[in-house]
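Shown next: data_14.csv, containing CSV, C-alpha atoms and all ligand atoms.
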chain,number,residue,atom,x,y,z
A,1435,MET,CA,13.9,-46.6,37.4
A,1436,GLU,CA,10.2,-46.8,38.4
A,1437,SER,CA,8.8,-50.3,37.6
A,1438,LYS,CA,6.0,-48.6,35.6
A,1439,ALA,CA,7.1,-45.9,33.3
A,1440,ARG,CA,5.2,-43.6,31.0
A,1441,ILE,CA,6.3,-44.1,27.4
A,1442,ALA,CA,5.5,-42.1,24.3
A,1443,VAL,CA,6.1,-43.6,20.9
A,1444,ILE,CA,6.0,-41.2,17.9
A,1445,GLY,CA,5.0,-42.9,14.6
A,1446,ALA,CA,2.7,-45.9,14.6
A,1447,GLY,CA,4.2,-47.5,11.4
A,1448,LEU,CA,6.1,-50.7,10.9
A,1449,MET,CA,8.6,-50.0,13.8
A,1450,GLY,CA,6.5,-47.8,16.1
A,1451,HIS,CA,3.6,-50.2,16.7
A,1452,GLY,CA,6.1,-53.0,17.5
A,1453,ILE,CA,8.0,-50.7,19.9
A,1454,ALA,CA,4.7,-49.7,21.6
A,1455,TRP,CA,3.8,-53.4,22.0
A,1456,ILE,CA,7.2,-54.2,23.7
A,1457,PHE,CA,6.7,-51.6,26.4
A,1458,ALA,CA,2.9,-52.3,26.9
A,1459,ALA,CA,3.7,-56.0,27.2
A,1460,ALA,CA,6.2,-55.1,29.9
A,1461,GLY,CA,3.5,-53.3,31.9
A,1462,HIS,CA,4.2,-49.7,31.0
A,1463,GLU,CA,1.6,-47.1,30.0
A,1464,VAL,CA,2.1,-46.2,26.4
A,1465,ARG,CA,0.9,-43.4,24.2
A,1466,LEU,CA,1.4,-43.9,20.5
A,1467,GLN,CA,1.2,-40.7,18.4
A,1468,ASP,CA,0.6,-40.7,14.6
A,1469,PRO,CA,-1.0,-37.9,12.5
A,1470,ASP,CA,-2.5,-40.5,10.1
A,1471,ARG,CA,-5.9,-41.7,11.2
A,1472,GLY,CA,-5.7,-44.9,9.3
A,1473,MET,CA,-2.5,-45.8,11.2
A,1474,ARG,CA,-4.1,-45.0,14.5
A,1475,ASP,CA,-7.2,-47.0,13.7
A,1476,ALA,CA,-5.1,-50.1,12.8
A,1477,VAL,CA,-3.0,-50.1,16.0
A,1478,GLY,CA,-5.4,-52.2,18.1
A,1479,GLN,CA,-5.5,-55.0,15.6
A,1480,ARG,CA,-1.8,-54.9,14.9
A,1481,LEU,CA,-1.0,-55.2,18.6
A,1482,SER,CA,-3.4,-58.0,19.1
A,1483,ASP,CA,-1.8,-59.8,16.2
A,1484,ILE,CA,1.6,-59.6,17.9
A,1485,SER,CA,0.2,-60.9,21.2
A,1486,GLU,CA,-1.3,-63.8,19.4
A,1487,LEU,CA,1.9,-64.5,17.4
A,1488,LEU,CA,3.9,-64.6,20.6
A,1489,ASP,CA,1.3,-66.5,22.7
A,1490,ARG,CA,0.9,-63.6,25.0
A,1491,ALA,CA,-2.2,-62.3,26.8
A,1492,PRO,CA,-3.9,-59.7,24.6
A,1493,ASN,CA,-3.5,-57.0,27.4
A,1494,ALA,CA,-0.9,-55.0,25.4
A,1495,ALA,CA,-3.5,-53.7,23.0
A,1496,GLY,CA,-5.5,-52.1,25.9
A,1497,GLN,CA,-2.4,-50.5,27.4
A,1498,VAL,CA,-1.5,-48.5,24.3
A,1499,GLN,CA,-3.4,-45.3,23.7
A,1500,PRO,CA,-3.3,-44.0,20.1
A,1501,THR,CA,-3.4,-40.2,19.8
A,1502,ALA,CA,-3.0,-37.6,17.0
A,1503,SER,CA,-1.6,-35.0,19.4
A,1504,LEU,CA,2.1,-34.9,20.1
A,1505,ALA,CA,1.5,-32.7,23.2
A,1506,ASP,CA,-0.9,-35.4,24.7
A,1507,ALA,CA,1.6,-38.2,23.9
A,1508,VAL,CA,4.6,-36.7,25.5
A,1509,ALA,CA,3.2,-34.4,28.3
A,1510,ASP,CA,4.0,-36.7,31.2
A,1511,ALA,CA,6.4,-39.1,29.5
A,1512,ASP,CA,9.5,-40.5,31.2
A,1513,PHE,CA,10.8,-41.8,27.8
A,1514,VAL,CA,10.0,-40.8,24.3
A,1515,PHE,CA,10.8,-43.1,21.4
A,1516,GLU,CA,10.6,-41.5,17.9
A,1517,ALA,CA,9.8,-43.8,15.0
A,1518,ALA,CA,8.7,-41.3,12.4
A,1519,PRO,CA,9.8,-41.3,8.7
A,1520,GLU,CA,13.6,-41.2,8.0
A,1521,ARG,CA,13.9,-37.5,7.2
A,1522,LEU,CA,16.4,-35.3,9.0
A,1523,ASP,CA,14.3,-32.1,8.8
A,1524,LEU,CA,11.3,-33.9,10.2
A,1525,LYS,CA,13.1,-35.6,13.0
A,1526,ARG,CA,14.9,-32.3,14.0
A,1527,GLU,CA,11.5,-30.5,14.1
A,1528,LEU,CA,9.9,-33.3,16.1
A,1529,PHE,CA,12.7,-33.3,18.7
A,1530,ALA,CA,12.5,-29.5,18.9
A,1531,ARG,CA,8.8,-29.7,19.7
A,1532,VAL,CA,9.2,-32.7,22.1
A,1533,ALA,CA,11.9,-30.8,24.0
A,1534,GLU,CA,9.3,-28.1,24.7
A,1535,LEU,CA,6.4,-30.4,25.4
A,1536,ALA,CA,7.9,-33.3,27.4
A,1537,PRO,CA,8.9,-33.1,31.1
A,1538,ALA,CA,12.5,-31.9,31.7
A,1539,HIS,CA,13.5,-35.4,33.0
A,1540,ALA,CA,12.3,-37.3,29.9
A,1541,ILE,CA,14.9,-39.1,27.9
A,1542,LEU,CA,14.3,-38.7,24.2
A,1543,ALA,CA,15.3,-41.4,21.8
A,1544,SER,CA,15.3,-41.7,18.0
A,1545,ASN,CA,15.0,-45.0,16.1
A,1546,THR,CA,16.7,-43.6,13.0
A,1547,SER,CA,18.3,-46.3,10.8
A,1548,ALA,CA,21.2,-44.2,9.5
A,1549,LEU,CA,20.8,-40.5,10.3
A,1550,PRO,CA,23.5,-39.3,12.8
A,1551,ILE,CA,21.9,-38.8,16.2
A,1552,THR,CA,24.3,-35.8,16.6
A,1553,ARG,CA,22.6,-34.1,13.7
A,1554,ILE,CA,19.1,-34.8,15.0
A,1555,ALA,CA,20.1,-33.3,18.4
A,1556,GLU,CA,22.1,-30.4,17.1
A,1557,GLY,CA,20.9,-27.1,18.6
A,1558,ASN,CA,18.2,-28.8,20.6
A,1559,PRO,CA,18.0,-27.5,24.2
A,1560,ALA,CA,17.5,-31.1,25.4
A,1561,ALA,CA,20.6,-32.4,23.5
A,1562,ASP,CA,22.0,-33.8,26.7
A,1563,ARG,CA,18.9,-36.1,26.9
A,1564,ILE,CA,18.8,-37.2,23.3
A,1565,VAL,CA,20.1,-40.7,22.4
A,1566,GLY,CA,19.7,-43.2,19.6
A,1567,THR,CA,17.8,-46.4,20.2
A,1568,HIS,CA,18.1,-48.5,17.0
A,1569,PHE,CA,15.6,-51.3,17.1
A,1570,TRP,CA,15.7,-54.0,14.4
A,1571,ASN,CA,12.8,-55.0,12.2
A,1572,PRO,CA,10.5,-56.4,13.5
A,1573,PRO,CA,11.3,-54.9,16.9
A,1574,HIS,CA,9.1,-57.3,18.9
A,1575,LEU,CA,10.9,-60.3,17.4
A,1576,VAL,CA,14.6,-59.2,17.1
A,1577,PRO,CA,15.9,-58.6,20.6
A,1578,LEU,CA,18.9,-56.3,19.8
A,1579,VAL,CA,18.6,-52.5,20.4
A,1580,GLU,CA,21.7,-50.4,19.7
A,1581,VAL,CA,21.7,-47.5,22.3
A,1582,ILE,CA,23.8,-44.7,20.7
A,1583,GLU,CA,25.6,-42.1,22.7
A,1584,CYS,CA,26.6,-38.8,21.0
A,1585,GLU,CA,28.9,-36.1,22.1
A,1586,LYS,CA,26.4,-33.8,23.8
A,1587,VAL,CA,24.6,-36.4,25.7
A,1588,ASN,CA,24.8,-36.6,29.5
A,1589,GLU,CA,26.1,-40.1,30.1
A,1590,ALA,CA,23.5,-40.4,32.9
A,1591,ALA,CA,20.8,-40.7,30.2
A,1592,ILE,CA,22.2,-44.0,28.8
A,1593,ALA,CA,21.8,-46.3,31.9
A,1594,PRO,CA,18.0,-45.7,32.4
A,1595,VAL,CA,17.3,-46.5,28.7
A,1596,MET,CA,19.5,-49.7,28.9
A,1597,ALA,CA,17.7,-50.7,32.1
A,1598,LEU,CA,14.2,-50.0,30.6
A,1599,LEU,CA,15.0,-52.1,27.5
A,1600,ARG,CA,16.5,-54.9,29.4
A,1601,ALA,CA,13.5,-55.2,31.7
A,1602,ALA,CA,11.3,-55.3,28.7
A,1603,GLY,CA,13.1,-58.4,27.4
A,1604,ARG,CA,15.3,-56.6,24.8
A,1605,HIS,CA,19.0,-57.0,24.4
A,1606,PRO,CA,20.4,-53.5,24.5
A,1607,VAL,CA,24.0,-52.7,23.6
A,1608,HIS,CA,25.9,-49.4,24.2
A,1609,VAL,CA,27.3,-47.8,21.1
A,1610,ARG,CA,29.8,-45.2,22.5
A,1611,LYS,CA,30.3,-43.1,19.4
A,1612,ASP,CA,27.8,-41.9,16.8
A,1613,VAL,CA,29.3,-43.5,13.8
A,1614,PRO,CA,27.4,-44.1,10.5
A,1615,GLY,CA,25.5,-47.4,10.5
A,1616,PHE,CA,26.2,-47.8,14.3
A,1617,ILE,CA,27.5,-51.4,14.7
A,1618,GLY,CA,25.1,-53.8,13.2
A,1619,ASN,CA,24.7,-52.1,9.8
A,1620,ARG,CA,28.4,-51.6,9.4
A,1621,LEU,CA,29.0,-55.3,10.0
A,1622,GLN,CA,26.0,-56.3,7.8
A,1623,HIS,CA,27.1,-54.1,4.9
A,1624,ALA,CA,30.8,-55.1,5.1
A,1625,LEU,CA,29.6,-58.6,4.5
A,1626,LYS,CA,27.3,-57.4,1.6
A,1627,ARG,CA,30.2,-55.6,0.0
A,1628,GLU,CA,32.2,-58.7,-0.3
A,1629,ALA,CA,29.2,-60.8,-1.3
A,1630,ILE,CA,28.4,-58.5,-4.2
A,1631,ALA,CA,32.1,-58.3,-5.3
A,1632,LEU,CA,32.3,-62.1,-5.4
A,1633,VAL,CA,29.3,-62.3,-7.7
A,1634,ALA,CA,30.5,-59.4,-9.8
A,1635,ALA,CA,33.9,-61.1,-10.3
A,1636,GLY,CA,32.2,-64.3,-11.4
A,1637,VAL,CA,33.5,-66.4,-8.5
A,1638,CYS,CA,30.0,-67.7,-7.9
A,1639,ASP,CA,26.3,-66.8,-8.3
A,1640,ALA,CA,24.1,-65.1,-5.7
A,1641,GLU,CA,22.5,-68.3,-4.6
A,1642,THR,CA,25.9,-69.7,-3.8
A,1643,VAL,CA,26.8,-66.7,-1.6
A,1644,ASP,CA,23.6,-67.1,0.3
A,1645,ASP,CA,24.1,-70.9,0.7
A,1646,VAL,CA,27.6,-70.4,2.0
A,1647,VAL,CA,26.3,-68.1,4.7
A,1648,LYS,CA,23.1,-70.0,5.6
A,1649,TYR,CA,24.6,-73.5,5.6
A,1650,GLY,CA,28.1,-72.5,6.7
A,1651,PHE,CA,29.3,-69.9,9.2
A,1652,GLY,CA,25.8,-68.4,9.5
A,1653,ARG,CA,24.8,-71.6,11.4
A,1654,ARG,CA,27.0,-70.6,14.3
A,1655,LEU,CA,26.6,-66.8,14.2
A,1656,ALA,CA,23.6,-66.7,16.4
A,1657,VAL,CA,25.5,-68.3,19.2
A,1658,LEU,CA,29.1,-67.4,18.5
A,1659,GLY,CA,30.0,-63.8,17.5
A,1660,PRO,CA,32.9,-63.1,15.1
A,1661,LEU,CA,35.3,-62.0,17.8
A,1662,GLU,CA,34.3,-64.9,20.1
A,1663,GLN,CA,35.0,-67.2,17.2
A,1664,SER,CA,38.5,-65.6,16.7
A,1665,ASP,CA,39.2,-66.2,20.4
A,1666,LEU,CA,38.0,-69.8,19.9
A,1667,VAL,CA,40.3,-70.6,17.0
A,1668,GLY,CA,43.1,-68.4,18.2
A,1669,LEU,CA,44.2,-64.9,17.3
A,1670,ASP,CA,47.5,-66.3,15.8
A,1671,LEU,CA,45.4,-68.2,13.3
A,1672,THR,CA,43.3,-65.2,12.7
A,1673,VAL,CA,46.3,-63.0,11.9
A,1674,ALA,CA,47.7,-65.6,9.6
A,1675,ILE,CA,44.5,-65.8,7.6
A,1676,HIS,CA,44.3,-62.0,7.5
A,1677,GLU,CA,47.8,-61.6,6.1
A,1678,THR,CA,46.7,-63.7,3.1
A,1679,LEU,CA,43.1,-62.5,2.8
A,1680,MET,CA,43.0,-58.8,3.6
A,1681,PRO,CA,44.9,-57.6,0.5
A,1682,ASP,CA,42.5,-59.5,-1.6
A,1683,LEU,CA,39.1,-58.4,-0.1
A,1684,ASP,CA,37.0,-55.9,-1.9
A,1685,ARG,CA,37.5,-52.3,-0.8
A,1686,THR,CA,35.1,-50.4,-3.2
A,1687,ALA,CA,34.4,-47.2,-1.3
A,1688,ILE,CA,31.0,-46.4,-2.9
A,1689,ALA,CA,27.9,-48.5,-3.7
A,1690,HIS,CA,29.4,-51.3,-5.9
A,1691,PRO,CA,29.0,-50.7,-9.7
A,1692,TYR,CA,27.5,-54.2,-10.0
A,1693,LEU,CA,24.7,-53.2,-7.5
A,1694,ARG,CA,24.1,-49.8,-9.3
A,1695,ALA,CA,23.8,-51.6,-12.6
A,1696,ARG,CA,21.2,-54.0,-11.3
A,1697,VAL,CA,19.2,-51.0,-10.0
A,1698,ALA,CA,19.6,-49.1,-13.3
A,1699,ALA,CA,18.2,-52.2,-15.1
A,1700,GLY,CA,15.1,-52.2,-12.8
A,1701,ASP,CA,16.2,-55.3,-10.9
A,1702,LEU,CA,15.0,-54.1,-7.4
A,1703,GLY,CA,14.6,-57.5,-5.7
A,1704,MET,CA,11.5,-59.3,-4.7
A,1705,LYS,CA,9.2,-56.3,-5.5
A,1706,SER,CA,10.2,-56.4,-9.1
A,1707,GLY,CA,10.6,-60.1,-9.5
A,1708,ARG,CA,14.4,-59.9,-10.0
A,1709,GLY,CA,17.3,-58.6,-7.9
A,1710,PHE,CA,20.4,-60.7,-7.4
A,1711,ARG,CA,18.1,-63.7,-7.9
A,1712,HIS,CA,14.8,-64.4,-9.6
A,1713,TRP,CA,11.6,-64.3,-7.6
A,1714,THR,CA,8.0,-65.3,-8.1
A,1715,GLU,CA,5.2,-64.3,-5.7
A,1716,GLU,CA,5.4,-67.9,-4.3
A,1717,THR,CA,9.1,-68.1,-3.8
A,1718,ALA,CA,9.2,-64.5,-2.2
A,1719,GLY,CA,6.3,-65.4,0.0
A,1720,ALA,CA,8.0,-68.6,1.1
A,1721,VAL,CA,11.1,-66.7,2.2
A,1722,ARG,CA,9.1,-64.1,4.1
A,1723,LYS,CA,7.2,-66.9,5.9
A,1724,ARG,CA,10.3,-68.9,6.7
A,1725,LEU,CA,11.9,-65.7,8.2
A,1726,ALA,CA,8.7,-64.8,10.2
A,1727,ASP,CA,8.2,-68.3,11.5
A,1728,PHE,CA,11.9,-68.6,12.6
A,1729,LEU,CA,11.9,-65.2,14.4
A,1730,ALA,CA,8.6,-65.8,16.1
A,1731,ALA,CA,9.8,-69.3,17.3
A,1732,GLU,CA,13.0,-67.7,18.7
A,1733,ALA,CA,11.0,-64.9,20.4
A,1734,ARG,CA,8.6,-67.4,22.0
A,1735,ASN,CA,11.5,-69.5,23.2
A,1736,ALA,CA,13.2,-66.3,24.7
A,1737,ALA,CA,9.9,-65.4,26.4
A,1738,ARG,CA,9.8,-68.9,28.0
A,1739,GLY,CA,13.1,-68.2,29.6
A,1740,GLY,CA,15.5,-69.0,26.7
A,1741,GLU,CA,18.4,-66.7,26.1
A,1742,ASN,CA,18.1,-63.3,24.4
A,1801,LIG,N1,11.6,-50.5,8.6
A,1801,LIG,C1,12.8,-50.9,9.1
A,1801,LIG,O1,13.2,-52.0,8.8
A,1801,LIG,C2,13.5,-50.0,10.1
A,1801,LIG,C3,14.5,-50.7,11.0
A,1801,LIG,C4,15.1,-49.9,11.9
A,1801,LIG,C5,14.8,-48.5,12.0
A,1801,LIG,N2,13.9,-47.9,11.1
A,1801,LIG,C6,13.6,-46.5,11.3
A,1801,LIG,O2,12.5,-46.3,12.1
A,1801,LIG,C7,11.8,-45.1,11.6
A,1801,LIG,C8,10.4,-45.5,11.2
A,1801,LIG,O3,10.4,-46.4,10.2
A,1801,LIG,P1,9.1,-47.3,9.8
A,1801,LIG,O4,9.7,-48.4,8.9
A,1801,LIG,O5,8.3,-47.7,11.0
A,1801,LIG,O6,8.3,-46.3,8.9
A,1801,LIG,P2,6.8,-46.3,8.5
A,1801,LIG,O7,6.6,-45.5,7.3
A,1801,LIG,O8,6.2,-47.7,8.5
A,1801,LIG,O9,6.1,-45.5,9.7
A,1801,LIG,C9,6.3,-44.1,10.0
A,1801,LIG,C10,5.0,-43.6,10.7
A,1801,LIG,O10,5.3,-42.2,11.0
A,1801,LIG,C11,4.1,-41.5,10.8
A,1801,LIG,N3,4.4,-40.1,10.7
A,1801,LIG,C12,4.5,-39.4,9.5
A,1801,LIG,N4,4.8,-38.1,9.9
A,1801,LIG,C13,4.8,-38.0,11.2
A,1801,LIG,C14,4.9,-37.0,12.2
A,1801,LIG,N5,5.2,-35.7,11.8
A,1801,LIG,N6,4.8,-37.2,13.5
A,1801,LIG,C15,4.6,-38.5,13.9
A,1801,LIG,N7,4.4,-39.5,13.1
A,1801,LIG,C16,4.5,-39.3,11.7
A,1801,LIG,C17,3.5,-42.1,9.5
A,1801,LIG,O11,2.1,-41.9,9.5
A,1801,LIG,C18,3.8,-43.6,9.7
A,1801,LIG,O12,2.7,-44.3,10.4
A,1801,LIG,C19,12.6,-44.5,10.5
A,1801,LIG,O13,13.5,-43.6,11.0
A,1801,LIG,C20,13.3,-45.8,10.0
A,1801,LIG,O14,14.5,-45.4,9.3
A,1801,LIG,C21,13.2,-48.7,10.2
Would you mind writing the structure in this file as structure tokens?
Amino acid sequence: MESKARIAVIGAGLMGHGIAWIFAAAGHEVRLQDPDRGMRDAVGQRLSDISELLDRAPNAAGQVQPTASLADAVADADFVFEAAPERLDLKRELFARVAELAPAHAILASNTSALPITRIAEGNPAADRIVGTHFWNPPHLVPLVEVIECEKVNEAAIAPVMALLRAAGRHPVHVRKDVPGFIGNRLQHALKREAIALVAAGVCDAETVDDVVKYGFGRRLAVLGPLEQSDLVGLDLTVAIHETLMPDLDRTAIAHPYLRARVAAGDLGMKSGRGFRHWTEETAGAVRKRLADFLAAEARNAARGGEN
């Protein structure tokens, strides 16, 4: 891969501006397309804010060119990252236009959270160059990017995306099949299913579930993955625990009735003041700040040579 690539990012929202910053900070030329003038006008300040947060030179803002025109954004792009709203029809239409407007060598990536990449690429003449790149929010602070392969893709499209992301300080992983939720959200929601079932069954309250994770096994999760941990304690112990535990774990195959009941009652979480727990503006603000400070400190540490 060339050391300096031409990158197009589609959509300058929550995810798109962070993705643009990542590649600009890595020295690439970035064009950031958004039809909304307000979003384009806000880009410079938002990029400068990220540079400041991460103690980085403010050069990234200057290396990102906002544009309203999709044709201008992708005309000479080597890589296109789509971060437009999560609607299948919109993404399919965007990828159809990008396939016509971008160079034939360009690799086209979608940041969809949950739509199958296979459906986005279906019938697209560039389907052999369409991959998923699932960044996590905020993309400039959370290093993981799931790179999703689907049936029609030419495997040769995966390695350059992985290399580009790695060189930009991300931690890409290769997801070999386009399964719903990819890897991270499947794991995250498997945990949530059991967490909700425990509260619904009256075993504990929501705060206790959160404490068990934060003050217990969550402490080691950032340095010891679940399968590494199984290897550490031994697979024989893991199988013994599973024999007892697996028959008892929740296996509700839809959104849990307890969760649906909360939503029906208007308990939507921090935005409504009540979800699984009660929130005031102050307590919700404190959680957001604690998270942002923690992620920023980790990202600054990684940029100074710590591990990603
Ligand atoms: N927010 C998250 O936590 C998160 C995490 C991972 C992935 N994603 C995915 O990333 C994508 C973007 O999400 P977001 O949270 O940044 O959304 P967002 O609403 O903040 O940003 C979307 C941007 O796309 C622009 N847009 C609308 N129509 C467009 C078009 N036709 N062409 C180009 N741009 C258009 C909007 O003006 C807006 O600026 C979605 O697919 C979402 O599911 C989001």
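Here CA of Thr1546 (chain A) and atom C6 of ligand LIG 1801 (chain A) stand 4.6 Å from one another.
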request  = Rank nothing, just name the residue among A:Val1514, A:Ala1548, A:Ala1505, A:Val1595 nearest to ligand LIG 1801 (chain A), using all atoms listed in the file.
outcome  =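 Looking at the shortest contact to ligand LIG 1801 (chain A), the residue is A:Ala1548.
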inquiry  = I'd like the interatomic distance between CA of Cys1584 (chain A) and CA of Gly1566 (chain A), to a tenth of an Å.
reply    = 8.3 Å
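For the pair CA of Asp1510 (chain A) and CA of Leu1542 (chain A), the interatomic distance is 12.6 Å.
Distance check against Ala1511 (chain A) using only C-alpha atoms: of A:Asp1475, A:Ile1441, A:Val1613, A:Asp1470, the minimum falls on A:Ile1441.
Within the 10 Å cut-off around Ala1517 (chain A), using only C-alpha atoms and omitting residues fewer than 2 positions from it on the same chain, the listed residues are Val1443, Ile1444, Gly1445, Ala1446, Gly1447, Leu1448, Met1449, Gly1450, His1451, Ile1453, Gln1467, Asp1468, Val1514, Phe1515, Pro1519, Glu1520, Lys1525, Ala1543, Ser1544, Asn1545, Thr1546, Ser1547, Thr1567, His1568 and Phe1569 of chain A.
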task = May I have the residues within 10 Å of Glu1715 (chain A) as a ChimeraX atom specification, using all atoms listed in the file and disregarding those fewer than 3 positions away in the same chain?
result = /A:1704-1707,1718-1720
ask   = What's the 12 Å shell around region 1576-1579 of chain A, counting all atoms listed in the file, without same-chain residues fewer than 4 positions away, as JSON, numbers by chain?
value = {"A": [1449, 1452, 1453, 1456, 1543, 1544, 1545, 1546, 1547, 1566, 1567, 1568, 1569, 1570, 1571, 1572, 1595, 1596, 1597, 1598, 1599, 1600, 1601, 1602, 1603, 1604, 1605, 1606, 1607, 1608, 1609, 1616, 1617, 1618, 1656, 1725, 1726, 1728, 1729, 1730, 1731, 1732, 1733, 1734, 1736, 1737, 1741, 1742]}
Using only C-alpha atoms, please write the residues we just selected to a file, as an mmCIF file, in the frame of the given file.
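File produced: part_32.cif:
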data_model
loop_
_atom_site.group_PDB
_atom_site.id
_atom_site.type_symbol
_atom_site.label_atom_id
_atom_site.label_comp_id
_atom_site.auth_asym_id
_atom_site.auth_seq_id
_atom_site.Cartn_x
_atom_site.Cartn_y
_atom_site.Cartn_z
ATOM 1 C CA MET A 1449 8.600 -50.000 13.800
ATOM 2 C CA GLY A 1452 6.100 -53.000 17.500
ATOM 3 C CA ILE A 1453 8.000 -50.700 19.900
ATOM 4 C CA ILE A 1456 7.200 -54.200 23.700
ATOM 5 C CA ALA A 1543 15.300 -41.400 21.800
ATOM 6 C CA SER A 1544 15.300 -41.700 18.000
ATOM 7 C CA ASN A 1545 15.000 -45.000 16.100
ATOM 8 C CA THR A 1546 16.700 -43.600 13.000
ATOM 9 C CA SER A 1547 18.300 -46.300 10.800
ATOM 10 C CA GLY A 1566 19.700 -43.200 19.600
ATOM 11 C CA THR A 1567 17.800 -46.400 20.200
ATOM 12 C CA HIS A 1568 18.100 -48.500 17.000
ATOM 13 C CA PHE A 1569 15.600 -51.300 17.100
ATOM 14 C CA TRP A 1570 15.700 -54.000 14.400
ATOM 15 C CA ASN A 1571 12.800 -55.000 12.200
ATOM 16 C CA PRO A 1572 10.500 -56.400 13.500
ATOM 17 C CA VAL A 1595 17.300 -46.500 28.700
ATOM 18 C CA MET A 1596 19.500 -49.700 28.900
ATOM 19 C CA ALA A 1597 17.700 -50.700 32.100
ATOM 20 C CA LEU A 1598 14.200 -50.000 30.600
ATOM 21 C CA LEU A 1599 15.000 -52.100 27.500
ATOM 22 C CA ARG A 1600 16.500 -54.900 29.400
ATOM 23 C CA ALA A 1601 13.500 -55.200 31.700
ATOM 24 C CA ALA A 1602 11.300 -55.300 28.700
ATOM 25 C CA GLY A 1603 13.100 -58.400 27.400
ATOM 26 C CA ARG A 1604 15.300 -56.600 24.800
ATOM 27 C CA HIS A 1605 19.000 -57.000 24.400
ATOM 28 C CA PRO A 1606 20.400 -53.500 24.500
ATOM 29 C CA VAL A 1607 24.000 -52.700 23.600
ATOM 30 C CA HIS A 1608 25.900 -49.400 24.200
ATOM 31 C CA VAL A 1609 27.300 -47.800 21.100
ATOM 32 C CA PHE A 1616 26.200 -47.800 14.300
ATOM 33 C CA ILE A 1617 27.500 -51.400 14.700
ATOM 34 C CA GLY A 1618 25.100 -53.800 13.200
ATOM 35 C CA ALA A 1656 23.600 -66.700 16.400
ATOM 36 C CA LEU A 1725 11.900 -65.700 8.200
ATOM 37 C CA ALA A 1726 8.700 -64.800 10.200
ATOM 38 C CA PHE A 1728 11.900 -68.600 12.600
ATOM 39 C CA LEU A 1729 11.900 -65.200 14.400
ATOM 40 C CA ALA A 1730 8.600 -65.800 16.100
ATOM 41 C CA ALA A 1731 9.800 -69.300 17.300
ATOM 42 C CA GLU A 1732 13.000 -67.700 18.700
ATOM 43 C CA ALA A 1733 11.000 -64.900 20.400
ATOM 44 C CA ARG A 1734 8.600 -67.400 22.000
ATOM 45 C CA ALA A 1736 13.200 -66.300 24.700
ATOM 46 C CA ALA A 1737 9.900 -65.400 26.400
ATOM 47 C CA GLU A 1741 18.400 -66.700 26.100
ATOM 48 C CA ASN A 1742 18.100 -63.300 24.400
#
query = Taking (22.5, -63.5, 0.2) in the file's coordinates, which residues come within 10 Å, counting only C-alpha atoms, written as a ChimeraX atom specification?
reply = /A:1625-1626,1629-1630,1639-1648,1710-1711
